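What's in structure-v1.txt: compact mmCIF, C-alpha atoms and all ligand atoms
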```
# COMPACT_ATOMS: atom_id res chain seq x y z
CA MET A 1 0.00 0.00 0.00
CA LEU A 2 1.20 3.50 -0.76
CA ASP A 3 1.65 6.08 1.97
CA ALA A 4 -0.10 9.43 1.76
CA GLY A 5 1.35 11.65 -0.93
CA GLU A 6 3.29 8.84 -2.60
CA THR A 7 2.33 7.61 -6.06
CA ASP A 8 3.53 4.64 -8.08
CA GLU A 9 4.61 6.85 -10.98
CA LYS A 10 8.37 6.50 -11.35
CA LEU A 11 9.94 9.90 -11.70
CA LEU A 12 13.64 9.31 -11.45
CA GLU A 13 15.36 6.06 -12.41
CA VAL A 14 19.00 5.30 -11.81
CA ASN A 15 19.96 2.15 -13.69
CA ASN A 16 23.11 0.29 -12.75
CA ILE A 17 25.47 3.27 -12.73
CA GLU A 18 29.19 3.10 -12.27
CA VAL A 19 31.13 6.21 -11.25
CA ILE A 20 34.86 6.71 -11.53
CA TYR A 21 36.83 9.67 -10.12
CA ASN A 22 40.09 10.81 -11.72
CA HIS A 23 39.81 8.03 -14.36
CA VAL A 24 40.87 5.38 -11.82
CA ILE A 25 38.93 5.46 -8.55
CA LEU A 26 35.85 3.27 -8.91
CA VAL A 27 33.34 4.53 -6.36
CA LEU A 28 29.87 3.41 -7.51
CA LYS A 29 29.81 -0.20 -8.66
CA GLY A 30 26.39 -0.58 -10.26
CA VAL A 31 23.85 1.43 -8.27
CA SER A 32 20.18 1.22 -9.23
CA LEU A 33 17.33 3.00 -7.57
CA SER A 34 13.99 4.44 -8.40
CA VAL A 35 12.21 7.46 -6.97
CA PRO A 36 8.41 7.59 -7.20
CA LYS A 37 6.61 10.88 -7.71
CA GLY A 38 5.44 12.36 -4.44
CA GLY A 39 7.53 10.10 -2.23
CA ILE A 40 10.37 10.58 0.22
CA THR A 41 13.14 8.13 -0.68
CA ALA A 42 16.15 7.78 1.61
CA LEU A 43 19.67 6.85 0.55
CA LEU A 44 21.39 5.49 3.64
CA GLY A 45 24.88 4.34 4.54
CA GLY A 46 28.00 5.27 6.47
CA ASN A 47 30.86 7.61 5.60
CA GLY A 48 32.16 7.09 2.11
CA ALA A 49 29.40 4.65 1.08
CA GLY A 50 28.68 6.69 -2.05
CA LYS A 51 25.56 8.67 -1.13
CA THR A 52 26.82 12.09 -2.19
CA THR A 53 28.33 10.63 -5.36
CA THR A 54 24.94 9.13 -6.26
CA LEU A 55 23.17 12.47 -5.77
CA LYS A 56 25.83 14.33 -7.75
CA SER A 57 25.57 11.79 -10.57
CA ILE A 58 21.88 12.62 -10.83
CA SER A 59 22.32 16.41 -10.63
CA ASN A 60 25.31 16.33 -12.96
CA LEU A 61 27.70 17.92 -10.50
CA LEU A 62 30.40 15.26 -10.81
CA ARG A 63 32.35 16.84 -13.61
CA SER A 64 33.78 19.65 -11.48
CA GLU A 65 35.20 16.95 -9.21
CA ARG A 66 36.73 14.96 -12.06
CA GLY A 67 34.08 12.31 -11.62
CA GLU A 68 32.26 10.54 -14.43
CA VAL A 69 29.34 8.16 -14.87
CA THR A 70 31.02 5.47 -16.97
CA LYS A 71 28.20 2.91 -17.16
CA GLY A 72 24.46 2.78 -16.73
CA SER A 73 21.81 5.42 -17.25
CA ILE A 74 19.78 8.01 -15.38
CA THR A 75 16.33 9.05 -16.56
CA TYR A 76 13.81 11.63 -15.36
CA HIS A 77 10.24 11.33 -16.64
CA GLY A 78 11.71 8.70 -18.96
CA GLU A 79 14.19 11.14 -20.54
CA ARG A 80 17.93 10.56 -20.29
CA ILE A 81 19.38 13.40 -18.22
CA GLN A 82 23.05 12.49 -18.03
CA ASP A 83 24.21 15.03 -20.58
CA LEU A 84 22.23 18.01 -19.29
CA ALA A 85 23.86 20.98 -17.59
CA PRO A 86 22.86 21.30 -13.91
CA SER A 87 20.93 24.50 -14.73
CA ASP A 88 18.91 22.69 -17.43
CA LEU A 89 18.09 20.06 -14.88
CA VAL A 90 16.85 22.76 -12.50
CA LYS A 91 14.58 23.99 -15.30
CA ARG A 92 13.20 20.46 -15.59
CA GLY A 93 12.42 20.51 -11.88
CA VAL A 94 15.35 18.73 -10.22
CA ILE A 95 17.50 20.60 -7.71
CA GLN A 96 20.16 19.51 -5.27
CA VAL A 97 20.69 20.94 -1.81
CA MET A 98 24.36 20.30 -1.17
CA GLU A 99 25.81 18.84 1.99
CA GLY A 100 27.12 21.48 4.40
CA ARG A 101 24.47 24.12 3.68
CA HIS A 102 26.42 26.38 1.32
CA CYS A 103 24.91 29.80 1.85
CA PHE A 104 26.26 33.00 0.37
CA GLU A 105 27.57 34.21 3.71
CA HIS A 106 27.76 37.91 2.83
CA LEU A 107 24.23 38.09 1.47
CA THR A 108 21.16 38.43 3.68
CA VAL A 109 18.83 35.50 4.22
CA GLU A 110 16.33 36.97 1.76
CA GLU A 111 18.99 37.70 -0.88
CA ASN A 112 20.11 34.07 -0.57
CA LEU A 113 16.54 32.91 -1.15
CA LEU A 114 16.17 35.17 -4.18
CA THR A 115 19.25 33.63 -5.83
CA GLY A 116 17.24 30.39 -5.98
CA ALA A 117 14.83 31.95 -8.47
CA TYR A 118 17.51 32.85 -11.01
CA THR A 119 16.68 30.09 -13.51
CA ARG A 120 13.10 31.33 -13.76
CA SER A 121 11.71 34.14 -15.82
CA ALA A 122 8.99 34.78 -13.25
CA GLY A 123 7.86 38.33 -12.47
CA ARG A 124 8.33 40.01 -9.11
CA GLY A 125 4.75 39.12 -8.07
CA ASP A 126 5.33 35.38 -8.49
CA ILE A 127 8.66 35.57 -6.76
CA ASP A 128 7.16 37.45 -3.80
CA ALA A 129 4.45 34.79 -3.55
CA ASP A 130 7.15 32.09 -3.48
CA LEU A 131 9.07 33.97 -0.80
CA ASP A 132 5.89 34.05 1.28
CA LEU A 133 5.49 30.32 0.74
CA VAL A 134 9.08 29.69 1.91
CA TYR A 135 8.51 31.92 4.96
CA SER A 136 5.32 30.04 5.78
CA TYR A 137 7.36 26.83 6.08
CA PHE A 138 10.32 28.54 7.74
CA PRO A 139 8.91 31.34 9.94
CA ARG A 140 12.35 31.70 11.52
CA LEU A 141 13.77 32.83 8.19
CA LYS A 142 11.16 35.54 7.95
CA GLU A 143 12.30 36.90 11.30
CA ARG A 144 15.89 36.84 10.09
CA ARG A 145 15.28 37.92 6.51
CA ARG A 146 17.57 40.96 6.80
CA SER A 147 20.37 39.19 8.69
CA GLN A 148 23.60 38.32 6.96
CA ALA A 149 23.39 34.56 6.30
CA GLY A 150 26.93 33.96 7.60
CA TYR A 151 25.82 35.09 11.06
CA THR A 152 22.79 32.80 11.31
CA SER A 153 22.89 29.43 13.09
CA GLY A 154 23.69 26.11 11.40
CA GLY A 155 20.03 25.13 11.51
CA GLU A 156 18.94 28.42 9.95
CA GLN A 157 21.55 28.03 7.21
CA GLN A 158 20.17 24.57 6.43
CA MET A 159 16.72 26.17 6.22
CA VAL A 160 18.10 28.84 3.87
CA ALA A 161 19.61 26.13 1.66
CA ILE A 162 16.30 24.24 1.44
CA GLY A 163 14.32 27.50 1.07
CA ARG A 164 16.59 28.63 -1.77
CA ALA A 165 15.97 25.30 -3.56
CA LEU A 166 12.22 25.80 -3.15
CA MET A 167 12.47 29.16 -4.93
CA SER A 168 13.17 27.28 -8.19
CA ARG A 169 9.75 25.61 -7.77
CA PRO A 170 11.25 22.14 -7.98
CA GLU A 171 9.36 18.94 -8.55
CA THR A 172 12.18 16.89 -7.01
CA ILE A 173 14.67 17.90 -4.32
CA LEU A 174 17.90 15.98 -3.83
CA LEU A 175 18.82 16.68 -0.23
CA ASP A 176 22.30 15.76 0.96
CA GLU A 177 22.71 15.00 4.66
CA PRO A 178 20.21 17.52 6.08
CA SER A 179 20.99 16.44 9.65
CA MET A 180 24.73 17.10 9.43
CA GLY A 181 26.06 18.99 12.45
CA LEU A 182 22.62 19.84 13.83
CA ALA A 183 21.26 19.24 17.34
CA PRO A 184 18.61 16.46 17.51
CA GLN A 185 15.72 18.88 18.04
CA LEU A 186 16.66 20.85 14.93
CA VAL A 187 17.07 17.68 12.89
CA GLU A 188 13.53 16.77 13.89
CA GLU A 189 12.34 20.26 12.90
CA ILE A 190 14.00 20.06 9.47
CA PHE A 191 12.59 16.59 8.78
CA ASN A 192 9.12 17.72 9.85
CA ILE A 193 9.35 20.54 7.31
CA VAL A 194 10.47 18.07 4.63
CA LYS A 195 7.43 15.95 5.47
CA SER A 196 5.02 18.92 5.24
CA LEU A 197 6.56 20.03 1.93
CA ASN A 198 5.98 16.48 0.72
CA ASP A 199 2.43 16.28 2.09
CA ASN A 200 1.22 19.78 1.18
CA GLU A 201 3.22 20.76 -1.90
CA GLY A 202 3.69 17.26 -3.34
CA ALA A 203 7.48 17.77 -3.47
CA THR A 204 9.39 14.56 -4.19
CA PHE A 205 12.53 13.99 -2.12
CA LEU A 206 15.59 11.82 -2.52
CA LEU A 207 17.63 12.38 0.61
CA ALA A 208 21.04 11.08 1.54
CA GLU A 209 21.41 10.57 5.26
CA GLN A 210 23.75 8.89 7.73
CA ASN A 211 21.17 9.29 10.46
CA THR A 212 19.25 6.09 9.61
CA ASN A 213 16.94 6.43 12.55
CA VAL A 214 15.42 9.78 11.64
CA ALA A 215 15.50 9.11 7.88
CA LEU A 216 13.56 5.85 8.18
CA ARG A 217 10.94 7.51 10.35
CA PHE A 218 10.18 10.14 7.71
CA ALA A 219 10.90 8.33 4.42
CA HIS A 220 8.56 5.99 2.56
CA TYR A 221 11.30 3.84 1.05
CA GLY A 222 15.01 3.36 1.72
CA TYR A 223 18.14 2.13 -0.03
CA ILE A 224 21.22 1.17 1.99
CA LEU A 225 24.55 1.72 0.29
CA GLU A 226 27.82 0.11 1.30
CA SER A 227 31.06 0.55 -0.60
CA GLY A 228 29.32 1.83 -3.70
CA ARG A 229 26.62 -0.86 -3.89
CA VAL A 230 23.02 -1.10 -2.77
CA VAL A 231 23.03 -3.90 -0.20
CA MET A 232 19.43 -3.66 0.89
CA ASP A 233 16.28 -1.76 -0.03
CA GLY A 234 12.65 -1.78 0.98
CA PRO A 235 9.75 0.19 2.41
CA ALA A 236 11.00 2.27 5.37
CA LYS A 237 8.67 0.43 7.74
CA GLU A 238 10.20 -2.94 6.78
CA LEU A 239 13.78 -1.65 6.99
CA ARG A 240 13.08 -0.32 10.48
CA GLU A 241 12.04 -3.83 11.54
CA ASN A 242 14.88 -5.64 9.79
CA PRO A 243 17.24 -7.24 12.38
CA ASP A 244 20.43 -6.37 10.43
CA VAL A 245 19.34 -2.76 9.97
CA LYS A 246 18.46 -2.58 13.67
CA GLU A 247 21.79 -4.03 14.70
CA PHE A 248 24.13 -2.21 12.35
CA TYR A 249 22.37 1.03 11.53
CA LEU A 250 19.99 1.72 14.38
CA GLY A 251 22.24 0.44 17.18
CA MET A 252 19.66 -1.96 18.65
CA SER A 253 18.70 -5.61 18.35
CA ASP A 254 15.79 -7.82 19.42
CA GLU A 255 18.03 -10.44 21.00
CA GLY A 256 20.15 -8.00 22.91
CA ARG A 257 23.76 -7.57 21.92
CA LYS A 258 24.77 -10.00 19.20
CA SER A 259 27.86 -12.12 19.71
CA PHE A 260 31.10 -11.24 18.01
CA ARG A 261 30.66 -14.39 15.91
CA ASP A 262 27.39 -13.07 14.50
CA VAL A 263 29.07 -9.78 13.78
CA ARG A 264 31.87 -11.59 12.01
CA SER A 265 29.44 -13.60 9.89
CA TYR A 266 27.69 -10.37 8.93
CA ARG A 267 31.04 -8.84 8.00
CA ARG A 268 31.80 -11.91 5.88
CA ARG A 269 28.44 -11.50 4.19
CA LYS A 270 29.19 -7.84 3.59
CA ARG A 271 32.58 -8.71 2.12
CA TRP A 272 30.94 -11.26 -0.09
CA LEU A 273 28.56 -8.61 -1.35
CA SER A 274 31.32 -6.10 -2.06
N1 LIG B 1 36.33 14.08 -5.93
C1 LIG B 1 36.70 12.87 -5.52
N2 LIG B 1 37.83 12.29 -5.94
C2 LIG B 1 38.19 11.06 -5.54
N3 LIG B 1 37.47 10.30 -4.69
C3 LIG B 1 36.32 10.81 -4.21
C4 LIG B 1 35.88 12.13 -4.59
N4 LIG B 1 34.70 12.37 -3.96
C5 LIG B 1 34.43 11.27 -3.21
N5 LIG B 1 35.40 10.33 -3.36
C6 LIG B 1 35.43 9.00 -2.72
O1 LIG B 1 34.26 8.33 -3.08
C7 LIG B 1 33.77 7.56 -1.99
C8 LIG B 1 32.31 7.89 -1.75
O2 LIG B 1 32.22 9.23 -1.30
P1 LIG B 1 30.82 9.95 -1.08
O3 LIG B 1 31.11 11.36 -0.64
O4 LIG B 1 29.96 9.73 -2.24
O5 LIG B 1 30.23 9.13 0.16
P2 LIG B 1 29.08 9.45 1.17
O6 LIG B 1 28.32 8.18 1.34
O7 LIG B 1 28.32 10.65 0.73
O8 LIG B 1 29.87 9.77 2.49
P3 LIG B 1 29.78 11.02 3.47
O9 LIG B 1 28.56 10.81 4.27
O10 LIG B 1 31.03 10.88 4.26
O11 LIG B 1 29.74 12.25 2.61
C9 LIG B 1 34.69 7.85 -0.81
O12 LIG B 1 35.60 6.79 -0.70
C10 LIG B 1 35.38 9.12 -1.21
O13 LIG B 1 36.67 9.16 -0.67
```
Now, as a test, write the supplied structure out as structure tokens.
Ligand SMILES: Nc1ncnc2c1ncn2[C@@H]1O[C@H](COP(=O)(O)OP(=O)(O)OP(=O)(O)O)[C@@H](O)[C@H]1O
Amino acid sequence: MLDAGETDEKLLEVNNIEVIYNHVILVLKGVSLSVPKGGITALLGGNGAGKTTTLKSISNLLRSERGEVTKGSITYHGERIQDLAPSDLVKRGVIQVMEGRHCFEHLTVEENLLTGAYTRSAGRGDIDADLDLVYSYFPRLKERRRSQAGYTSGGEQQMVAIGRALMSRPETILLDEPSMGLAPQLVEEIFNIVKSLNDNEGATFLLAEQNTNVALRFAHYGYILESGRVVMDGPAKELRENPDVKEFYLGMSDEGRKSFRDVRSYRRRKRWLS
């Protein structure tokens, strides 16, 4: 059964992609995933698993890092998007919010938001209406609209980064590690806003997150990446109940602490998969 807001229309399809950095470093070894329209899909995994690389492959931001998709394909609404410039992709409705917030520190909060509308030819009236929409989701940003972004808190900068993405009126938002460096209460606040944007505006999300716990509470579906491969995927509810996910990603297990032997057999299994 589909959760509220989620449809079974496939929007974004990543088919068996391989990514190589600097012509030699193989980082993604055949990643496939599919993002339904109106859903929140989570890309999970530890440091270096390949989450950011997957998002950048989709948004075409690899080239500046000497990275390249060498095999496989990526389609959006059935159209191959691999050769599009990132700005053309934004025009088609796909935008990435980079890890680490990336605000223009010397601009005010509102000026930062306005930069998000640059790909559109909308008039001032439409843009003002979109600003109001962003402020309705992030009332804190309205209070701080005239503050220099560099002097706002980490949580507010994350809100600016998401708000700026919203200004391009995206259909799909690729959100990289929204919880990074934020206190638990703020992480909860950000994820609640993601959920309301999904519920009320129908925004589709693909989010990369190390915080499996919070991501699986808010997402509809999850993919777990390890060493550049998807090792497990399923509806978020099922992943939350899966004993291996509980043990290795959520830090809990039904049978109490597993023995070292069990851990070793899991590691063997992981090695076998990689
Ligand atoms: N520009 C680059 N050149 C070479 N190797 C890279 C580059 N960017 C990333 N890598 C390597 O690719 C692998 C995957 O990195 P990636 O950033 O995609 O992982 P991640 O799952 O997002 O991890 P994190 O949560 O730490 O950001 C890592 O081993 C990393 O060292």
> Can you tell me which residues sit at most 12 Å away from ligand LIG 1 (chain B), counting all atoms listed in the file, written as a PyMOL selection string?
Replying inline: chain A and resi 18-29+31+43-57+61-68+98-100+175-181+207-212+223-230
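Proximity ranking of A:Glu9, A:Arg217, A:Leu197, A:Val231 relative to A:Gly30 places A:Val231 first, based on all atoms listed in the file.
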Starting from 4 Å padding per side, set up an axis-aligned box that covers all listed atoms of stretch 10-14 of chain A and hand over centre and edge lengths in Å, one decimal, as JSON.
```
{"center_x": 13.7, "center_y": 7.6, "center_z": -11.9, "size_x": 18.6, "size_y": 12.6, "size_z": 9.1}
```
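Put simply, atom CA of A:Leu113 is 28.8 Å away from atom CA of A:Leu216.
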>> I'd like to know which of A:Leu11, A:Ile162, A:Ala117, A:Tyr249 is closest to A:Thr41, using all atoms listed in the file.
In response: A:Leu11
>> If I take atom CA of A:Leu33 and atom CA of A:Pro86, how far is one from the other in Å, to one decimal?
In response: 20.1 Å
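Take atom CA of A:Glu188 and atom CA of A:Val214: the distance between them is 7.6 Å.
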